[in-house]
Amino acid sequence: MAVSKHTNGGSTQRAVGLPPEEIIFGRSEAMISIRQKVHKVVTTDVPILIQGENGTGKGLLAQYIHARSAMSSGAFVKVNCAAIPGALLESELFGYEKGAFTDAHASRPGYVEMAHRGTLFLDEIADLDLSLQAKVLQLLQDGQFSRIGDRQERRAETRVICATNRDLRKEIEAGRFRHDLFYRINVISINLPSLRERREDVALLANYFLGQLNARFDRDAPPFSEQSLDSLASREWRGNIRELENVVARYAILGSLESFEPERPPRHSSGVPYQVGLDGTIPLKRIAKQAVREMEGNLIFNALRENKWNRRKAALALNISYRALIYKIREAGLSPKGNRKRAQAELPHDRPTGMK
C-alpha cells in the first residue's frame with residue numbers, strides 16, 4: 001500500500017498492489033459465497049458492514065471493494081476507531097477550524113473530507129463513543145457534517161465501509177452502540193469466517209506468503225512439503241491469516257522446517273503465583289485441580305498433534321473413549337468451532353470404554 005498521509009491511526013491510501021482474487025477469497029465454500037456477494041455490491045455505493053475475528057482480512061476486503069467500485073479514483077481513507085482516543089477522534093474525522101480549541105492554529109480537514117468521492121473505512125466501529133456515533137449517523141443519513149468550531153454544513157460524497165470483531169447486536173443490548181446506526185451501516189453484511197473454518201485455504205495462503213516473503217527478504221526458502229502443509233492446516237490459528245503470515249515469515253527468514261512447526265500457545269503454568277485468600281489461606285484444591293487440567297490438556301494436545309489431529313487415533317493412544325476425548329478437547333479449548341458440529345454428529349456412534 002502506498003500511504004500518502006497517516007495521523008493517529010488514520011490514513012489516506014491508494015488501493016494498489018492487492019493480492020490476486022484467488023488469494024483474497026481462497027477456494028473454500030464459505031469464501032466463494034462471499035466472493036459472489038461482493039461482486040454484486042462493488043458497483044453500488046451502499047454502506048457495508050464487515051464482521052469477523054481479528055486477522056481474517058477485513059481491511060483487505062474493504063480495499064478490494066474500493067478498488068473495484070465507482071469510487072476507485074478517489075482516496076481509500078482508513079480510520080482505526082480503536083487507535084484514536086475518543087477526545088481526538090471527532091476532530092480527526094470531521095476536521096476543525098482555526099481557534100476551535102487550544103493548539104488549533106490553522107483550519108484542517110478531517111478524514112471525511114479526504115474521502116470525498118472515495119471510500120471511508122471505519123475499522124473497529126464498535127469503539128466509537130455514543131456521542132460520535134450520532135454524528136456518523138448524520139453523515140450516513142444526509143451526507144452532511146460540520147468541522148469543529150464551524151457552523152457551516154459541509155457535504156461529502158463517500159462510500160462508508162465499517163468493520164468490527166464484536167457482535168454489534170450484543171453491543172446494542174449493552175447500551176454501547178446505537179441501534180439506528182447499526183441499521184444504517186448494516187445495509188450489506190459480510191461475515192468473514194476464521195481460518196479454522198476454512199482450513200482448505202491454508203496451503204494456498206502459505207505458498208503465496210512464502211513466495212512474497214522470499215522475494216521481499218531475498219531468501220530462497222524451499223517450498224513446503226505435503227506433510228508440512230498438513231501440519232500447518234491442523235493448527236488452531238487463533239490469530240487467523242495474520243498469524244499464518246507471521247509463521248511463514250519466520251520460516252522464510254530462518255530457513256528451517258523447525259522454525260514454523262506448530263507450537264501450542266503458552267498456557268498458564270500451574271507454578272505461576274496464586275492468590276491467597278483474605279484470611280491467609282491457600283486454595284490448595286482449586287490449584288491442584290487447575291494443574292491437573294492443564295497437564296491433561298497438554299497431553300491431549302500432544303496426542304492430537306502426533307496423530308495428525310485424528311481424534312479416534314488420539315483416543316486410542318490415550319486409552320480413553322472417543323466420547324471422553326471430545327469432552328476433554330472442548331474443556332481444554334482445543335476444538336475448532338468449525339469441527340464441533342461434526343463431533344456432535346459422531347458422538348451417537350461411540351460407546352464409552354468398558355460398555356457393551
# chains A, B, ... in the order shown; residues from 1 in each chain; ligands from 1
call {"tool": "residues_around", "arguments": {"residues": "Asn207 (chain A)", "least_positions_apart": "3", "cutoff": "12 Å", "atoms": "only C-alpha atoms", "output": "PyMOL selection string"}}
result
chain A and resi 23+201-204+210-214+221-226+228-229+232+244-245+247-249+251-252
call {"tool": "select_by_dssp", "arguments": {"residues": "region 109-216 of chain A", "states": "alpha helix (DSSP H)", "output": "PyMOL selection string"}}
result
chain A and resi 111-114+130-142+168-173+179-185+202-216
call {"tool": "write_last_selection", "arguments": {"atoms": "N, CA and C atoms", "output": "CSV table (one decimal), in the first residue's frame"}}
result
chain,number,residue,atom,x,y,z
A,111,TYR,N,-10.9,13.3,8.0
A,111,TYR,CA,-10.8,12.1,7.2
A,111,TYR,C,-12.1,12.0,6.3
A,112,VAL,N,-13.2,12.5,6.8
A,112,VAL,CA,-14.4,12.5,6.0
A,112,VAL,C,-14.2,13.3,4.7
A,113,GLU,N,-13.6,14.5,4.8
A,113,GLU,CA,-13.4,15.3,3.6
A,113,GLU,C,-12.3,14.7,2.7
A,114,MET,N,-11.3,14.1,3.3
A,114,MET,CA,-10.3,13.4,2.5
A,114,MET,C,-10.9,12.3,1.7
A,130,LEU,N,-20.6,7.0,22.0
A,130,LEU,CA,-22.0,7.2,21.6
A,130,LEU,C,-22.3,8.6,21.0
A,131,SER,N,-21.6,9.6,21.6
A,131,SER,CA,-21.8,10.9,21.1
A,131,SER,C,-21.3,11.1,19.6
A,132,LEU,N,-20.2,10.4,19.3
A,132,LEU,CA,-19.7,10.4,18.0
A,132,LEU,C,-20.5,9.6,17.0
A,133,GLN,N,-21.1,8.5,17.6
A,133,GLN,CA,-21.9,7.7,16.7
A,133,GLN,C,-23.1,8.5,16.1
A,134,ALA,N,-23.6,9.4,16.9
A,134,ALA,CA,-24.7,10.3,16.4
A,134,ALA,C,-24.3,11.1,15.2
A,135,LYS,N,-23.0,11.6,15.2
A,135,LYS,CA,-22.5,12.4,14.1
A,135,LYS,C,-22.2,11.5,12.9
A,136,VAL,N,-21.8,10.3,13.1
A,136,VAL,CA,-21.6,9.4,12.0
A,136,VAL,C,-22.9,9.0,11.4
A,137,LEU,N,-23.9,8.9,12.2
A,137,LEU,CA,-25.3,8.6,11.7
A,137,LEU,C,-25.8,9.7,10.8
A,138,GLN,N,-25.6,11.0,11.2
A,138,GLN,CA,-26.0,12.1,10.4
A,138,GLN,C,-25.3,12.1,9.0
A,139,LEU,N,-24.0,11.8,9.1
A,139,LEU,CA,-23.2,11.7,7.8
A,139,LEU,C,-23.8,10.6,6.9
A,140,LEU,N,-24.2,9.5,7.4
A,140,LEU,CA,-24.8,8.4,6.6
A,140,LEU,C,-26.2,8.8,6.1
A,141,GLN,N,-26.9,9.5,6.9
A,141,GLN,CA,-28.3,9.9,6.6
A,141,GLN,C,-28.4,10.9,5.4
A,142,ASP,N,-27.6,12.0,5.5
A,142,ASP,CA,-27.7,13.0,4.5
A,142,ASP,C,-26.4,13.5,3.9
A,168,LEU,N,-22.3,-6.7,17.2
A,168,LEU,CA,-22.9,-5.4,17.4
A,168,LEU,C,-24.3,-5.5,18.1
A,169,ARG,N,-25.0,-6.6,17.8
A,169,ARG,CA,-26.3,-6.8,18.5
A,169,ARG,C,-26.1,-6.8,20.0
A,170,LYS,N,-25.1,-7.5,20.5
A,170,LYS,CA,-24.8,-7.6,21.9
A,170,LYS,C,-24.4,-6.2,22.4
A,171,GLU,N,-23.6,-5.5,21.6
A,171,GLU,CA,-23.2,-4.1,22.0
A,171,GLU,C,-24.5,-3.2,22.1
A,172,ILE,N,-25.4,-3.4,21.3
A,172,ILE,CA,-26.7,-2.6,21.4
A,172,ILE,C,-27.4,-3.0,22.6
A,173,GLU,N,-27.5,-4.2,22.9
A,173,GLU,CA,-28.2,-4.7,24.2
A,173,GLU,C,-27.5,-4.1,25.4
A,179,HIS,N,-28.7,1.5,18.0
A,179,HIS,CA,-29.4,0.6,17.1
A,179,HIS,C,-29.7,1.3,15.7
A,180,ASP,N,-30.0,2.6,15.7
A,180,ASP,CA,-30.2,3.3,14.4
A,180,ASP,C,-29.0,3.3,13.6
A,181,LEU,N,-27.8,3.5,14.2
A,181,LEU,CA,-26.6,3.5,13.4
A,181,LEU,C,-26.3,2.1,12.9
A,182,PHE,N,-26.6,1.1,13.7
A,182,PHE,CA,-26.4,-0.3,13.2
A,182,PHE,C,-27.2,-0.6,12.0
A,183,TYR,N,-28.4,-0.1,11.9
A,183,TYR,CA,-29.2,-0.4,10.7
A,183,TYR,C,-28.7,0.4,9.5
A,184,ARG,N,-28.1,1.5,9.8
A,184,ARG,CA,-27.6,2.4,8.7
A,184,ARG,C,-26.3,1.7,8.1
A,185,ILE,N,-25.4,1.2,8.9
A,185,ILE,CA,-24.2,0.6,8.4
A,185,ILE,C,-24.3,-0.8,7.9
A,202,VAL,N,-5.5,-22.9,3.8
A,202,VAL,CA,-4.2,-22.7,4.5
A,202,VAL,C,-3.0,-22.9,3.5
A,203,ALA,N,-3.1,-24.0,2.8
A,203,ALA,CA,-1.9,-24.3,1.9
A,203,ALA,C,-1.8,-23.2,0.8
A,204,LEU,N,-2.9,-22.8,0.2
A,204,LEU,CA,-2.9,-21.8,-0.8
A,204,LEU,C,-2.3,-20.5,-0.2
A,205,LEU,N,-2.7,-20.1,0.9
A,205,LEU,CA,-2.2,-18.8,1.5
A,205,LEU,C,-0.7,-19.0,1.9
A,206,ALA,N,-0.4,-20.1,2.5
A,206,ALA,CA,1.0,-20.3,3.0
A,206,ALA,C,2.0,-20.3,1.8
A,207,ASN,N,1.6,-20.9,0.7
A,207,ASN,CA,2.5,-20.9,-0.5
A,207,ASN,C,2.6,-19.5,-1.1
A,208,TYR,N,1.5,-18.7,-1.1
A,208,TYR,CA,1.5,-17.4,-1.6
A,208,TYR,C,2.4,-16.5,-0.7
A,209,PHE,N,2.2,-16.6,0.6
A,209,PHE,CA,3.1,-15.8,1.5
A,209,PHE,C,4.5,-16.1,1.4
A,210,LEU,N,4.8,-17.4,1.2
A,210,LEU,CA,6.2,-17.8,1.1
A,210,LEU,C,6.9,-17.2,-0.1
A,211,GLY,N,6.2,-17.2,-1.3
A,211,GLY,CA,6.7,-16.6,-2.5
A,211,GLY,C,6.9,-15.1,-2.3
A,212,GLN,N,6.0,-14.4,-1.7
A,212,GLN,CA,6.1,-13.0,-1.4
A,212,GLN,C,7.3,-12.7,-0.5
A,213,LEU,N,7.4,-13.4,0.6
A,213,LEU,CA,8.4,-13.2,1.6
A,213,LEU,C,9.8,-13.5,1.1
A,214,ASN,N,9.9,-14.6,0.3
A,214,ASN,CA,11.2,-14.9,-0.3
A,214,ASN,C,11.7,-13.8,-1.1
A,215,ALA,N,10.8,-13.2,-1.9
A,215,ALA,CA,11.2,-12.0,-2.8
A,215,ALA,C,11.5,-10.8,-1.9
A,216,ARG,N,10.7,-10.6,-0.9
A,216,ARG,CA,10.9,-9.4,-0.1
A,216,ARG,C,12.2,-9.4,0.7
call {"tool": "residues_around", "arguments": {"residues": "Thr164 (chain A)", "least_positions_apart": "4", "cutoff": "10 Å", "atoms": "only C-alpha atoms", "output": "ChimeraX atom specification"}}
result
/A:49-54,58,81,122-127,168,191
call {"tool": "select_by_dssp", "arguments": {"residues": "region 82-289 of chain A", "states": "strand (DSSP E or B)", "output": "NGL selection string"}}
result
:A and (96 or 108 or 118-123 or 144-145 or 148 or 154-155 or 158-164 or 188-191)
call {"tool": "write_last_selection", "arguments": {"atoms": "N, CA and C atoms", "output": "tab-separated table (two decimals), in the first residue's frame"}}
result
chain	number	residue	atom	x	y	z
A	96	TYR	N	-11.40	20.56	11.85
A	96	TYR	CA	-11.68	21.66	12.78
A	96	TYR	C	-11.25	22.98	12.14
A	108	ARG	N	-8.22	22.70	9.50
A	108	ARG	CA	-7.74	21.42	8.97
A	108	ARG	C	-8.91	20.52	8.60
A	118	GLY	N	-14.54	9.11	-2.53
A	118	GLY	CA	-13.72	7.93	-2.31
A	118	GLY	C	-14.41	7.02	-1.31
A	119	THR	N	-13.63	6.30	-0.53
A	119	THR	CA	-14.17	5.35	0.44
A	119	THR	C	-13.64	5.67	1.84
A	120	LEU	N	-14.54	5.74	2.81
A	120	LEU	CA	-14.18	5.92	4.21
A	120	LEU	C	-14.34	4.57	4.91
A	121	PHE	N	-13.24	4.02	5.38
A	121	PHE	CA	-13.25	2.72	6.04
A	121	PHE	C	-13.10	2.93	7.54
A	122	LEU	N	-14.17	2.69	8.29
A	122	LEU	CA	-14.17	2.84	9.74
A	122	LEU	C	-13.93	1.47	10.38
A	123	ASP	N	-12.67	1.20	10.70
A	123	ASP	CA	-12.30	-0.07	11.31
A	123	ASP	C	-12.58	-0.01	12.81
A	144	GLN	N	-24.07	15.05	5.32
A	144	GLN	CA	-23.65	16.35	5.84
A	144	GLN	C	-22.89	16.21	7.16
A	145	PHE	N	-21.99	17.17	7.40
A	145	PHE	CA	-21.22	17.20	8.63
A	145	PHE	C	-20.68	18.61	8.82
A	148	ILE	N	-15.34	20.97	13.62
A	148	ILE	CA	-15.41	21.51	14.98
A	148	ILE	C	-15.11	23.00	14.93
A	154	ARG	N	-21.19	21.01	5.66
A	154	ARG	CA	-20.45	20.55	4.50
A	154	ARG	C	-21.03	19.21	4.04
A	155	ARG	N	-20.76	18.90	2.78
A	155	ARG	CA	-21.25	17.64	2.23
A	155	ARG	C	-20.08	16.79	1.76
A	158	THR	N	-19.21	10.01	-0.18
A	158	THR	CA	-18.25	8.96	0.15
A	158	THR	C	-18.96	7.66	0.45
A	159	ARG	N	-18.32	6.59	0.07
A	159	ARG	CA	-18.85	5.29	0.43
A	159	ARG	C	-18.28	4.90	1.79
A	160	VAL	N	-19.13	4.45	2.69
A	160	VAL	CA	-18.70	4.09	4.04
A	160	VAL	C	-18.71	2.57	4.19
A	161	ILE	N	-17.56	2.05	4.57
A	161	ILE	CA	-17.43	0.63	4.90
A	161	ILE	C	-16.99	0.54	6.35
A	162	CYS	N	-17.67	-0.26	7.15
A	162	CYS	CA	-17.33	-0.41	8.56
A	162	CYS	C	-16.90	-1.85	8.83
A	163	ALA	N	-16.10	-2.02	9.86
A	163	ALA	CA	-15.65	-3.36	10.24
A	163	ALA	C	-15.59	-3.47	11.75
A	164	THR	N	-15.81	-4.67	12.25
A	164	THR	CA	-15.74	-4.91	13.69
A	164	THR	C	-15.49	-6.38	13.96
A	188	ILE	N	-25.50	-3.94	3.78
A	188	ILE	CA	-24.93	-5.19	3.30
A	188	ILE	C	-24.00	-5.71	4.37
A	189	SER	N	-24.21	-6.94	4.81
A	189	SER	CA	-23.39	-7.53	5.87
A	189	SER	C	-22.56	-8.67	5.31
A	190	ILE	N	-21.27	-8.65	5.62
A	190	ILE	CA	-20.36	-9.71	5.19
A	190	ILE	C	-19.66	-10.26	6.43
A	191	ASN	N	-19.83	-11.54	6.68
A	191	ASN	CA	-19.22	-12.19	7.84
A	191	ASN	C	-18.06	-13.07	7.38
call {"tool": "residues_around", "arguments": {"residues": "Glu22 (chain A)", "least_positions_apart": "2", "cutoff": "10 Å", "atoms": "only C-alpha atoms", "output": "mmCIF file with N, CA and C atoms, in the first residue's frame"}}
result
data_model
loop_
_atom_site.group_PDB
_atom_site.id
_atom_site.type_symbol
_atom_site.label_atom_id
_atom_site.label_comp_id
_atom_site.auth_asym_id
_atom_site.auth_seq_id
_atom_site.Cartn_x
_atom_site.Cartn_y
_atom_site.Cartn_z
ATOM 1 N N PRO A 19 -3.410 -8.423 -3.537
ATOM 2 C CA PRO A 19 -3.160 -9.805 -3.957
ATOM 3 C C PRO A 19 -4.187 -10.237 -5.009
ATOM 4 N N PRO A 20 -3.921 -11.315 -5.733
ATOM 5 C CA PRO A 20 -4.899 -11.836 -6.691
ATOM 6 C C PRO A 20 -6.202 -12.215 -5.993
ATOM 7 N N ILE A 24 -7.233 -13.488 -2.062
ATOM 8 C CA ILE A 24 -8.126 -12.725 -1.190
ATOM 9 C C ILE A 24 -9.301 -13.581 -0.726
ATOM 10 N N PHE A 25 -9.860 -14.378 -1.652
ATOM 11 C CA PHE A 25 -11.066 -15.133 -1.328
ATOM 12 C C PHE A 25 -10.820 -16.620 -1.084
ATOM 13 N N GLY A 26 -9.729 -17.171 -1.597
ATOM 14 C CA GLY A 26 -9.468 -18.584 -1.390
ATOM 15 C C GLY A 26 -10.399 -19.474 -2.197
ATOM 16 N N ARG A 27 -10.433 -20.743 -1.800
ATOM 17 C CA ARG A 27 -11.230 -21.731 -2.542
ATOM 18 C C ARG A 27 -12.293 -22.402 -1.701
ATOM 19 N N MET A 31 -15.894 -18.811 1.455
ATOM 20 C CA MET A 31 -15.307 -17.644 0.810
ATOM 21 C C MET A 31 -15.780 -17.489 -0.630
ATOM 22 N N ILE A 32 -16.092 -18.571 -1.294
ATOM 23 C CA ILE A 32 -16.646 -18.477 -2.649
ATOM 24 C C ILE A 32 -17.991 -17.770 -2.602
ATOM 25 N N ARG A 35 -17.353 -14.127 -2.113
ATOM 26 C CA ARG A 35 -16.852 -13.547 -3.365
ATOM 27 C C ARG A 35 -18.008 -13.204 -4.295
ATOM 28 N N ASP A 201 -7.948 -23.555 2.734
ATOM 29 C CA ASP A 201 -7.252 -22.404 2.143
ATOM 30 C C ASP A 201 -5.857 -22.183 2.741
ATOM 31 N N LEU A 204 -2.914 -22.814 0.233
ATOM 32 C CA LEU A 204 -2.888 -21.771 -0.792
ATOM 33 C C LEU A 204 -2.263 -20.492 -0.249
ATOM 34 N N LEU A 205 -2.698 -20.068 0.929
ATOM 35 C CA LEU A 205 -2.188 -18.835 1.529
ATOM 36 C C LEU A 205 -0.726 -18.976 1.941
#
call {"tool": "closest_residue", "arguments": {"among": "A:Ala174, A:Ile65, A:Glu296, A:Glu306", "to": "Ser231 (chain A)", "atoms": "only C-alpha atoms"}}
result
A:Glu306
call {"tool": "closest_residue", "arguments": {"among": "A:Lys98, A:Arg117, A:Lys308, A:Lys37", "to": "Ala75 (chain A)", "atoms": "only C-alpha atoms"}}
result
A:Arg117
call {"tool": "closest_residue", "arguments": {"among": "A:Asn240, A:Ser234, A:Gln227, A:Ser69", "to": "Pro193 (chain A)", "atoms": "only C-alpha atoms"}}
result
A:Asn240
